[in-house]
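Colleague: Contents of coords22.pdb (PDB, C-alpha atoms, pLDDT in the B column) are below:
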ATOM      1  CA  MET N   1     -26.448   0.518  -8.164  1.00 44.00           C
ATOM      2  CA  SER N   2     -23.006   1.704  -9.119  1.00 50.00           C
ATOM      3  CA  LEU N   3     -20.988   3.365  -6.390  1.00 52.00           C
ATOM      4  CA  GLU N   4     -20.472   6.358  -8.653  1.00 49.00           C
ATOM      5  CA  SER N   5     -23.952   7.840  -8.153  1.00 51.00           C
ATOM      6  CA  ASN N   6     -23.786  11.603  -7.749  1.00 55.00           C
ATOM      7  CA  ASP N   7     -20.580  11.880  -5.776  1.00 59.00           C
ATOM      8  CA  PRO N   8     -17.823  13.276  -7.951  1.00 68.00           C
ATOM      9  CA  SER N   9     -14.836  12.546  -5.758  1.00 91.00           C
ATOM     10  CA  SER N  10     -13.461   9.338  -4.320  1.00 95.00           C
ATOM     11  CA  THR N  11     -11.104   8.368  -1.540  1.00 96.00           C
ATOM     12  CA  MET N  12      -9.314   5.472   0.095  1.00 98.00           C
ATOM     13  CA  VAL N  13      -8.972   5.207   3.836  1.00 98.00           C
ATOM     14  CA  LEU N  14      -6.596   2.884   5.635  1.00 98.00           C
ATOM     15  CA  VAL N  15      -7.781   2.402   9.200  1.00 98.00           C
ATOM     16  CA  VAL N  16      -5.280   0.999  11.699  1.00 98.00           C
ATOM     17  CA  ARG N  17      -5.809  -0.422  15.199  1.00 97.00           C
ATOM     18  CA  SER N  18      -4.030   1.910  17.596  1.00 96.00           C
ATOM     19  CA  ASP N  19      -4.079  -0.595  20.483  1.00 96.00           C
ATOM     20  CA  LEU N  20      -1.564  -2.852  18.694  1.00 94.00           C
ATOM     21  CA  LYS N  21       1.122  -0.146  18.680  1.00 92.00           C
ATOM     22  CA  LEU N  22       2.635  -1.477  15.454  1.00 93.00           C
ATOM     23  CA  SER N  23       6.192  -0.549  14.526  1.00 94.00           C
ATOM     24  CA  SER N  24       6.660   1.596  11.421  1.00 94.00           C
ATOM     25  CA  GLY N  25       7.763  -1.413   9.387  1.00 93.00           C
ATOM     26  CA  LYS N  26       4.735  -3.466  10.388  1.00 94.00           C
ATOM     27  CA  LEU N  27       2.452  -0.500   9.806  1.00 96.00           C
ATOM     28  CA  VAL N  28       3.756  -0.071   6.252  1.00 97.00           C
ATOM     29  CA  ALA N  29       3.361  -3.786   5.476  1.00 95.00           C
ATOM     30  CA  GLN N  30      -0.177  -4.041   6.861  1.00 96.00           C
ATOM     31  CA  THR N  31      -1.534  -0.851   5.316  1.00 98.00           C
ATOM     32  CA  GLY N  32       0.220  -1.614   2.023  1.00 98.00           C
ATOM     33  CA  HIS N  33      -1.474  -4.988   1.999  1.00 97.00           C
ATOM     34  CA  ALA N  34      -4.884  -3.384   2.548  1.00 98.00           C
ATOM     35  CA  ALA N  35      -4.297  -0.820  -0.215  1.00 98.00           C
ATOM     36  CA  VAL N  36      -3.228  -3.462  -2.728  1.00 98.00           C
ATOM     37  CA  GLU N  37      -6.119  -5.823  -1.961  1.00 97.00           C
ATOM     38  CA  VAL N  38      -8.707  -3.044  -2.113  1.00 98.00           C
ATOM     39  CA  VAL N  39      -7.384  -1.953  -5.499  1.00 98.00           C
ATOM     40  CA  LEU N  40      -7.376  -5.500  -6.884  1.00 97.00           C
ATOM     41  CA  LYS N  41     -10.952  -5.999  -5.636  1.00 97.00           C
ATOM     42  CA  ALA N  42     -12.037  -2.695  -7.146  1.00 97.00           C
ATOM     43  CA  ARG N  43     -10.582  -3.723 -10.513  1.00 95.00           C
ATOM     44  CA  LYS N  44     -13.173  -6.492 -10.606  1.00 95.00           C
ATOM     45  CA  SER N  45     -16.244  -4.838  -9.163  1.00 93.00           C
ATOM     46  CA  GLU N  46     -15.812  -1.059  -9.426  1.00 95.00           C
ATOM     47  CA  LEU N  47     -13.443  -0.339 -12.266  1.00 95.00           C
ATOM     48  CA  SER N  48     -14.768   3.101 -13.116  1.00 95.00           C
ATOM     49  CA  LEU N  49     -14.552   4.181  -9.473  1.00 96.00           C
ATOM     50  CA  LEU N  50     -10.975   2.911  -9.343  1.00 96.00           C
ATOM     51  CA  THR N  51     -10.056   4.711 -12.547  1.00 96.00           C
ATOM     52  CA  ARG N  52     -11.550   7.954 -11.322  1.00 95.00           C
ATOM     53  CA  TRP N  53      -9.798   7.633  -7.970  1.00 96.00           C
ATOM     54  CA  ARG N  54      -6.437   7.206  -9.700  1.00 95.00           C
ATOM     55  CA  GLU N  55      -7.112  10.087 -12.081  1.00 94.00           C
ATOM     56  CA  GLU N  56      -7.952  12.306  -9.126  1.00 92.00           C
ATOM     57  CA  GLY N  57      -4.572  11.545  -7.557  1.00 91.00           C
ATOM     58  CA  ALA N  58      -5.315   8.350  -5.632  1.00 94.00           C
ATOM     59  CA  ARG N  59      -6.023  10.067  -2.349  1.00 93.00           C
ATOM     60  CA  LYS N  60      -5.164   7.902   0.684  1.00 94.00           C
ATOM     61  CA  ILE N  61      -5.877   8.892   4.249  1.00 95.00           C
ATOM     62  CA  SER N  62      -4.768   6.890   7.265  1.00 97.00           C
ATOM     63  CA  LEU N  63      -6.858   6.870  10.391  1.00 98.00           C
ATOM     64  CA  LYS N  64      -6.756   5.085  13.716  1.00 97.00           C
ATOM     65  CA  ILE N  65      -9.396   3.074  15.523  1.00 98.00           C
ATOM     66  CA  PRO N  66      -9.177   1.926  19.137  1.00 97.00           C
ATOM     67  CA  ASP N  67      -9.583  -1.859  19.045  1.00 97.00           C
ATOM     68  CA  GLU N  68     -10.531  -5.052  17.205  1.00 97.00           C
ATOM     69  CA  ASN N  69     -14.257  -4.808  17.847  1.00 98.00           C
ATOM     70  CA  ALA N  70     -14.436  -1.325  16.388  1.00 98.00           C
ATOM     71  CA  LEU N  71     -12.351  -2.453  13.410  1.00 98.00           C
ATOM     72  CA  LYS N  72     -14.669  -5.410  12.711  1.00 98.00           C
ATOM     73  CA  ARG N  73     -17.739  -3.207  13.025  1.00 98.00           C
ATOM     74  CA  LEU N  74     -16.289  -0.698  10.549  1.00 98.00           C
ATOM     75  CA  PHE N  75     -15.550  -3.506   8.093  1.00 98.00           C
ATOM     76  CA  GLU N  76     -19.140  -4.788   8.309  1.00 98.00           C
ATOM     77  CA  ASP N  77     -20.573  -1.290   7.977  1.00 98.00           C
ATOM     78  CA  ALA N  78     -18.426  -0.619   4.894  1.00 98.00           C
ATOM     79  CA  LYS N  79     -19.605  -3.869   3.310  1.00 98.00           C
ATOM     80  CA  ASP N  80     -23.227  -3.038   4.136  1.00 97.00           C
ATOM     81  CA  ALA N  81     -22.762   0.369   2.495  1.00 97.00           C
ATOM     82  CA  GLY N  82     -21.610  -1.399  -0.676  1.00 96.00           C
ATOM     83  CA  LEU N  83     -18.105   0.063  -0.511  1.00 98.00           C
ATOM     84  CA  VAL N  84     -14.988  -1.788  -1.671  1.00 98.00           C
ATOM     85  CA  THR N  85     -13.354  -2.994   1.517  1.00 98.00           C
ATOM     86  CA  TYR N  86     -10.709  -5.396   2.792  1.00 98.00           C
ATOM     87  CA  LEU N  87      -9.843  -6.561   6.311  1.00 98.00           C
ATOM     88  CA  VAL N  88      -6.198  -7.491   6.896  1.00 97.00           C
ATOM     89  CA  LYS N  89      -5.507 -10.543   9.024  1.00 95.00           C
ATOM     90  CA  ASP N  90      -1.834 -10.694   9.926  1.00 88.00           C
ATOM     91  CA  ALA N  91       0.113 -13.839   9.166  1.00 78.00           C
ATOM     92  CA  GLY N  92       1.833 -13.296  12.504  1.00 71.00           C
ATOM     93  CA  HIS N  93       5.428 -13.917  11.608  1.00 67.00           C
ATOM     94  CA  THR N  94       6.496 -11.001  13.802  1.00 70.00           C
ATOM     95  CA  GLU N  95       5.339  -8.767  16.650  1.00 77.00           C
ATOM     96  CA  ILE N  96       1.711  -9.934  16.908  1.00 84.00           C
ATOM     97  CA  PRO N  97      -0.100 -13.305  17.152  1.00 85.00           C
ATOM     98  CA  PRO N  98      -1.190 -15.036  13.895  1.00 86.00           C
ATOM     99  CA  GLY N  99      -4.705 -14.125  12.836  1.00 89.00           C
ATOM    100  CA  THR N 100      -4.676 -10.690  14.449  1.00 94.00           C
ATOM    101  CA  LEU N 101      -6.936  -8.251  12.608  1.00 97.00           C
ATOM    102  CA  THR N 102      -4.915  -5.088  12.001  1.00 97.00           C
ATOM    103  CA  VAL N 103      -6.218  -2.788   9.250  1.00 98.00           C
ATOM    104  CA  VAL N 104      -9.328  -2.110   7.206  1.00 98.00           C
ATOM    105  CA  GLY N 105      -8.999  -0.511   3.772  1.00 98.00           C
ATOM    106  CA  ILE N 106     -12.022   1.153   2.180  1.00 98.00           C
ATOM    107  CA  LEU N 107     -12.407   2.721  -1.268  1.00 98.00           C
ATOM    108  CA  GLY N 108     -15.506   4.606  -2.280  1.00 97.00           C
ATOM    109  CA  PRO N 109     -17.176   7.906  -3.023  1.00 96.00           C
ATOM    110  CA  LYS N 110     -15.766  10.430  -0.570  1.00 95.00           C
ATOM    111  CA  ARG N 111     -19.113  11.302   0.952  1.00 95.00           C
ATOM    112  CA  ALA N 112     -20.013   7.677   1.656  1.00 96.00           C
ATOM    113  CA  VAL N 113     -16.595   6.924   3.143  1.00 97.00           C
ATOM    114  CA  ASP N 114     -16.645  10.060   5.278  1.00 96.00           C
ATOM    115  CA  ALA N 115     -20.040   9.068   6.661  1.00 97.00           C
ATOM    116  CA  LEU N 116     -18.404   5.916   8.058  1.00 97.00           C
ATOM    117  CA  VAL N 117     -15.060   7.188   9.283  1.00 97.00           C
ATOM    118  CA  GLY N 118     -15.656  10.914   9.815  1.00 92.00           C
ATOM    119  CA  GLU N 119     -15.239  10.579  13.578  1.00 95.00           C
ATOM    120  CA  LEU N 120     -11.925   8.728  13.505  1.00 98.00           C
ATOM    121  CA  PRO N 121      -8.689  10.625  14.206  1.00 97.00           C
ATOM    122  CA  LEU N 122      -5.809  10.804  11.746  1.00 96.00           C
ATOM    123  CA  LEU N 123      -3.033   8.281  12.326  1.00 94.00           C
TER     124      LEU N 123
ATOM    125  CA  MET G   1      13.573 -13.027 -20.230  1.00 44.00           C
ATOM    126  CA  SER G   2      10.870 -13.557 -17.687  1.00 50.00           C
ATOM    127  CA  LEU G   3      11.635 -12.451 -14.156  1.00 52.00           C
ATOM    128  CA  GLU G   4      10.681 -15.900 -12.912  1.00 49.00           C
ATOM    129  CA  SER G   5      13.884 -17.615 -14.024  1.00 51.00           C
ATOM    130  CA  ASN G   6      15.140 -20.031 -11.376  1.00 54.00           C
ATOM    131  CA  ASP G   7      14.212 -18.075  -8.277  1.00 59.00           C
ATOM    132  CA  PRO G   8      11.251 -19.680  -6.562  1.00 68.00           C
ATOM    133  CA  SER G   9      10.338 -16.922  -4.158  1.00 91.00           C
ATOM    134  CA  SER G  10       9.379 -13.311  -4.675  1.00 95.00           C
ATOM    135  CA  THR G  11       9.237 -10.180  -2.567  1.00 97.00           C
ATOM    136  CA  MET G  12       8.208  -6.561  -2.542  1.00 98.00           C
ATOM    137  CA  VAL G  13      10.318  -3.905  -0.879  1.00 98.00           C
ATOM    138  CA  LEU G  14       9.130  -0.411  -0.041  1.00 98.00           C
ATOM    139  CA  VAL G  15      12.137   1.845   0.413  1.00 98.00           C
ATOM    140  CA  VAL G  16      11.595   5.142   2.216  1.00 98.00           C
ATOM    141  CA  ARG G  17      13.825   8.210   2.481  1.00 97.00           C
ATOM    142  CA  SER G  18      14.800   8.555   6.126  1.00 96.00           C
ATOM    143  CA  ASP G  19      15.986  12.172   5.745  1.00 96.00           C
ATOM    144  CA  LEU G  20      12.412  13.395   5.204  1.00 94.00           C
ATOM    145  CA  LYS G  21      11.281  12.191   8.626  1.00 92.00           C
ATOM    146  CA  LEU G  22       7.734  11.557   7.391  1.00 93.00           C
ATOM    147  CA  SER G  23       4.882  11.326   9.881  1.00 94.00           C
ATOM    148  CA  SER G  24       3.146   7.944  10.209  1.00 94.00           C
ATOM    149  CA  GLY G  25       0.204   9.159   8.151  1.00 93.00           C
ATOM    150  CA  LYS G  26       2.389  10.401   5.329  1.00 94.00           C
ATOM    151  CA  LEU G  27       4.480   7.235   5.462  1.00 96.00           C
ATOM    152  CA  VAL G  28       1.372   5.068   5.060  1.00 97.00           C
ATOM    153  CA  ALA G  29       0.078   7.136   2.141  1.00 95.00           C
ATOM    154  CA  GLN G  30       3.408   7.187   0.276  1.00 96.00           C
ATOM    155  CA  THR G  31       4.277   3.527   0.750  1.00 98.00           C
ATOM    156  CA  GLY G  32       0.681   2.504  -0.003  1.00 98.00           C
ATOM    157  CA  HIS G  33       0.912   4.438  -3.246  1.00 97.00           C
ATOM    158  CA  ALA G  34       4.127   2.654  -4.195  1.00 98.00           C
ATOM    159  CA  ALA G  35       2.654  -0.775  -3.392  1.00 98.00           C
ATOM    160  CA  VAL G  36      -0.484  -0.149  -5.435  1.00 98.00           C
ATOM    161  CA  GLU G  37       1.382   1.211  -8.460  1.00 97.00           C
ATOM    162  CA  VAL G  38       3.910  -1.624  -8.461  1.00 98.00           C
ATOM    163  CA  VAL G  39       1.086  -4.170  -8.370  1.00 98.00           C
ATOM    164  CA  LEU G  40      -0.827  -2.479 -11.184  1.00 97.00           C
ATOM    165  CA  LYS G  41       2.352  -2.346 -13.277  1.00 97.00           C
ATOM    166  CA  ALA G  42       3.091  -5.997 -12.554  1.00 97.00           C
ATOM    167  CA  ARG G  43      -0.400  -6.961 -13.705  1.00 95.00           C
ATOM    168  CA  LYS G  44       0.577  -5.765 -17.170  1.00 95.00           C
ATOM    169  CA  SER G  45       4.148  -6.929 -17.492  1.00 93.00           C
ATOM    170  CA  GLU G  46       4.755  -9.689 -14.943  1.00 95.00           C
ATOM    171  CA  LEU G  47       1.447 -11.331 -14.187  1.00 95.00           C
ATOM    172  CA  SER G  48       2.832 -14.721 -13.231  1.00 95.00           C
ATOM    173  CA  LEU G  49       5.339 -13.136 -10.845  1.00 96.00           C
ATOM    174  CA  LEU G  50       2.525 -11.119  -9.276  1.00 96.00           C
ATOM    175  CA  THR G  51       0.310 -14.175  -8.915  1.00 96.00           C
ATOM    176  CA  ARG G  52       3.093 -16.172  -7.324  1.00 95.00           C
ATOM    177  CA  TRP G  53       3.935 -13.326  -4.948  1.00 96.00           C
ATOM    178  CA  ARG G  54       0.328 -13.144  -3.776  1.00 95.00           C
ATOM    179  CA  GLU G  55       0.067 -16.921  -3.425  1.00 94.00           C
ATOM    180  CA  GLU G  56       3.213 -16.908  -1.309  1.00 92.00           C
ATOM    181  CA  GLY G  57       1.625 -14.413   1.086  1.00 91.00           C
ATOM    182  CA  ALA G  58       2.478 -11.095  -0.592  1.00 94.00           C
ATOM    183  CA  ARG G  59       5.615 -10.470   1.449  1.00 93.00           C
ATOM    184  CA  LYS G  60       6.348  -6.755   1.939  1.00 94.00           C
ATOM    185  CA  ILE G  61       9.453  -5.414   3.622  1.00 95.00           C
ATOM    186  CA  SER G  62      10.036  -1.751   4.361  1.00 97.00           C
ATOM    187  CA  LEU G  63      13.546  -0.367   4.328  1.00 98.00           C
ATOM    188  CA  LYS G  64      15.123   3.032   4.686  1.00 97.00           C
ATOM    189  CA  ILE G  65      17.569   4.872   2.487  1.00 98.00           C
ATOM    190  CA  PRO G  66      19.435   8.038   3.463  1.00 97.00           C
ATOM    191  CA  ASP G  67      18.567  10.603   0.765  1.00 97.00           C
ATOM    192  CA  GLU G  68      17.145  11.484  -2.642  1.00 97.00           C
ATOM    193  CA  ASN G  69      20.250  10.622  -4.627  1.00 98.00           C
ATOM    194  CA  ALA G  70      20.429   7.148  -3.175  1.00 98.00           C
ATOM    195  CA  LEU G  71      16.708   6.693  -3.815  1.00 98.00           C
ATOM    196  CA  LYS G  72      17.040   7.721  -7.478  1.00 98.00           C
ATOM    197  CA  ARG G  73      20.033   5.446  -7.927  1.00 98.00           C
ATOM    198  CA  LEU G  74      18.135   2.499  -6.481  1.00 98.00           C
ATOM    199  CA  PHE G  75      15.212   3.183  -8.812  1.00 98.00           C
ATOM    200  CA  GLU G  76      17.524   3.220 -11.853  1.00 98.00           C
ATOM    201  CA  ASP G  77      19.318   0.081 -10.712  1.00 98.00           C
ATOM    202  CA  ALA G  78      15.993  -1.733 -10.235  1.00 98.00           C
ATOM    203  CA  LYS G  79      14.873  -0.734 -13.721  1.00 98.00           C
ATOM    204  CA  ASP G  80      18.210  -1.844 -15.180  1.00 97.00           C
ATOM    205  CA  ALA G  81      17.792  -5.200 -13.446  1.00 97.00           C
ATOM    206  CA  GLY G  82      14.412  -5.597 -15.167  1.00 96.00           C
ATOM    207  CA  LEU G  83      12.465  -5.537 -11.900  1.00 98.00           C
ATOM    208  CA  VAL G  84       8.987  -4.049 -11.545  1.00 98.00           C
ATOM    209  CA  THR G  85       9.555  -0.692  -9.883  1.00 98.00           C
ATOM    210  CA  TYR G  86       7.815   2.598  -9.139  1.00 98.00           C
ATOM    211  CA  LEU G  87       9.160   5.901  -7.796  1.00 98.00           C
ATOM    212  CA  VAL G  88       6.700   7.983  -5.778  1.00 97.00           C
ATOM    213  CA  LYS G  89       6.720  11.719  -6.345  1.00 95.00           C
ATOM    214  CA  ASP G  90       4.679  13.453  -3.674  1.00 88.00           C
ATOM    215  CA  ALA G  91       1.891  15.813  -4.721  1.00 78.00           C
ATOM    216  CA  GLY G  92       3.007  18.013  -1.843  1.00 71.00           C
ATOM    217  CA  HIS G  93      -0.290  18.913  -0.272  1.00 67.00           C
ATOM    218  CA  THR G  94       1.198  18.476   3.181  1.00 70.00           C
ATOM    219  CA  GLU G  95       4.513  18.348   5.057  1.00 77.00           C
ATOM    220  CA  ILE G  96       6.923  18.304   2.089  1.00 84.00           C
ATOM    221  CA  PRO G  97       7.392  20.382  -1.102  1.00 85.00           C
ATOM    222  CA  PRO G  98       5.555  19.271  -4.288  1.00 86.00           C
ATOM    223  CA  GLY G  99       7.601  16.929  -6.446  1.00 89.00           C
ATOM    224  CA  THR G 100       9.610  15.490  -3.566  1.00 94.00           C
ATOM    225  CA  LEU G 101      10.701  11.916  -4.284  1.00 97.00           C
ATOM    226  CA  THR G 102       9.782   9.832  -1.259  1.00 97.00           C
ATOM    227  CA  VAL G 103       9.588   6.065  -1.828  1.00 98.00           C
ATOM    228  CA  VAL G 104      10.653   3.389  -4.292  1.00 98.00           C
ATOM    229  CA  GLY G 105       8.651   0.180  -4.537  1.00 98.00           C
ATOM    230  CA  ILE G 106      10.222  -2.894  -6.125  1.00 98.00           C
ATOM    231  CA  LEU G 107       8.718  -6.308  -6.862  1.00 98.00           C
ATOM    232  CA  GLY G 108      10.783  -9.190  -8.112  1.00 97.00           C
ATOM    233  CA  PRO G 109      12.422 -12.520  -7.428  1.00 96.00           C
ATOM    234  CA  LYS G 110      13.740 -12.387  -3.879  1.00 95.00           C
ATOM    235  CA  ARG G 111      17.347 -13.013  -4.854  1.00 95.00           C
ATOM    236  CA  ALA G 112      17.388 -10.207  -7.430  1.00 96.00           C
ATOM    237  CA  VAL G 113      15.739  -7.751  -5.048  1.00 97.00           C
ATOM    238  CA  ASP G 114      18.053  -8.688  -2.182  1.00 96.00           C
ATOM    239  CA  ALA G 115      21.049  -8.067  -4.431  1.00 97.00           C
ATOM    240  CA  LEU G 116      19.918  -4.437  -4.751  1.00 97.00           C
ATOM    241  CA  VAL G 117      18.703  -3.638  -1.246  1.00 97.00           C
ATOM    242  CA  GLY G 118      20.533  -6.158   0.929  1.00 93.00           C
ATOM    243  CA  GLU G 119      22.591  -3.443   2.603  1.00 95.00           C
ATOM    244  CA  LEU G 120      19.665  -1.189   3.548  1.00 98.00           C
ATOM    245  CA  PRO G 121      18.374  -1.187   7.151  1.00 97.00           C
ATOM    246  CA  LEU G 122      14.797  -2.046   8.078  1.00 96.00           C
ATOM    247  CA  LEU G 123      12.503   0.921   8.519  1.00 94.00           C
TER     248      LEU G 123
END
Could you take the file, read its structure, and then write that structure out as structure tokens?

Modeller:
Amino acid sequence: MSLESNDPSSTMVLVVRSDLKLSSGKLVAQTGHAAVEVVLKARKSELSLLTRWREEGARKISLKIPDENALKRLFEDAKDAGLVTYLVKDAGHTEIPPGTLTVVGILGPKRAVDALVGELPLL
Amino acid sequence: MSLESNDPSSTMVLVVRSDLKLSSGKLVAQTGHAAVEVVLKARKSELSLLTRWREEGARKISLKIPDENALKRLFEDAKDAGLVTYLVKDAGHTEIPPGTLTVVGILGPKRAVDALVGELPLL
């Protein structure tokens, strides 16, 4: 089934672990990485969703999530829901240990994304 | 001339206006937009540079620049240097007036990018 279904609007969320207390520079790098990888994935598997999202203004919302377990769970739930998703693992050159999971990016129909992240606070 | 030339390494910089004092959420959305648009542009015009950049770990550095004039100048200089660049104009739904220029994203050989932004402080 295509992700388009009956939902006319689409959104991207960038969900950041708040327990890491990333600096602004690190935050920009990690969320930027998630956004880029989600878009490149969507080009392959969900091109019409991606096109629509860009035409609608490429809405991006950033949210925070308390810890690594919650981040992993969200990533699995987004995959199970068939959404385009990417989990960022930091290379660890600065600030945090290598392999730290930092951000999940999700692109999909707004209603489906909201159902997953509706409870999370804005960054 | 291809941007590859003799420079083996590549980088992306995301340069943010510091005078706007963007919130973290806005910062993530604006820089994410720049990163995505630069990558989509590079897919068309500089695919081998883009591929190499991703293979090298997709380095992203965020920098700050004092005001709109300096941001515009950097954008023009990056274009003149033949680098892949994108200037974000905010849709203005929140925080700042519509049409505000917020971020410049640049992707290119590290040496060429450094020559343009080497004086700018980290975000």

Colleague: Select from chain N every residue with an atom at most 7 Å from any atom of chain G, then for each give the shortest pair of atoms and their distance in Å to one decimal, using all atoms listed in the file, rows by chain and rising number, as a Markdown table.

Modeller:
| residue | atom | partner | partner_atom | distance |
| --- | --- | --- | --- | --- |
| N:Ser24 | CA | G:Leu123 | CA | 6.6 |
| N:Gly25 | CA | G:Leu123 | CA | 5.4 |
| N:Val28 | CA | G:Val28 | CA | 5.8 |
| N:Ala29 | CA | G:Lys60 | CA | 5.5 |
| N:Thr31 | CA | G:Val28 | CA | 6.6 |
| N:Gly32 | CA | G:Gly32 | CA | 4.6 |
| N:Ala35 | CA | G:Gly32 | CA | 6.0 |
| N:Val36 | CA | G:Val36 | CA | 5.1 |
| N:Lys60 | CA | G:Ala29 | CA | 5.5 |
| N:Ile61 | CA | G:Ala29 | CA | 6.6 |
| N:Ser62 | CA | G:Gly25 | CA | 5.5 |
| N:Leu123 | CA | G:Gly25 | CA | 5.4 |

Colleague: One decimal, in Å: what's the spacing between atom CA of G:Val88 and atom CA of G:Gly108?

Modeller: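 These two atoms are separated by 17.8 Å.
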
Colleague: Apply the PyMOL selection byres ((chain G and resi 100) around 6) to the file shown and report the selected residues as a ChimeraX atom specification.

Modeller: /G:89-90,97-99,101

Colleague: Hey, can you check how far atom CA of N:Leu47 sits from atom CA of N:Gly118?

Modeller: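 Interatomic distance here is 24.9 Å.
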
Colleague: Just checking: using all atoms listed in the file, which residue out of N:Ala42, N:Ala112, N:Leu22, N:Leu50 ends up closest to N:Tyr86?

Modeller: N:Ala42

Colleague: Take the PyMOL selection byres ((chain N and resi 74) around 10), apply it to the structure above, and return the hits as a list of chain:residue names.

Modeller: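 This file gives the following for the PyMOL selection byres ((chain N and resi 74) around 10): N:Val15, N:Ile65, N:Glu68, N:Asn69, N:Ala70, N:Leu71, N:Lys72, N:Arg73, N:Phe75, N:Glu76, N:Asp77, N:Ala78, N:Lys79, N:Asp80, N:Thr85, N:Leu87, N:Val104, N:Gly105, N:Ile106, N:Leu116, N:Val117.
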
Colleague: Report, in Å to a single decimal, how far apart atom CA of N:Val113 and atom CA of N:Thr11 are.

Modeller: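 Computed distance, atom CA of N:Thr11 to atom CA of N:Val113, equals 7.4 Å.
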
Colleague: Tell me, as a list in words, which residues lie within 8 Å of G:Ser10, counting all atoms listed in the file; anything in the same chain fewer than 4 positions away does not count.

Modeller: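 Everything that qualifies: Leu49, Arg52, Trp53, Glu56, Arg59, Leu107, Gly108, Pro109, Lys110 and Arg111 of chain G.
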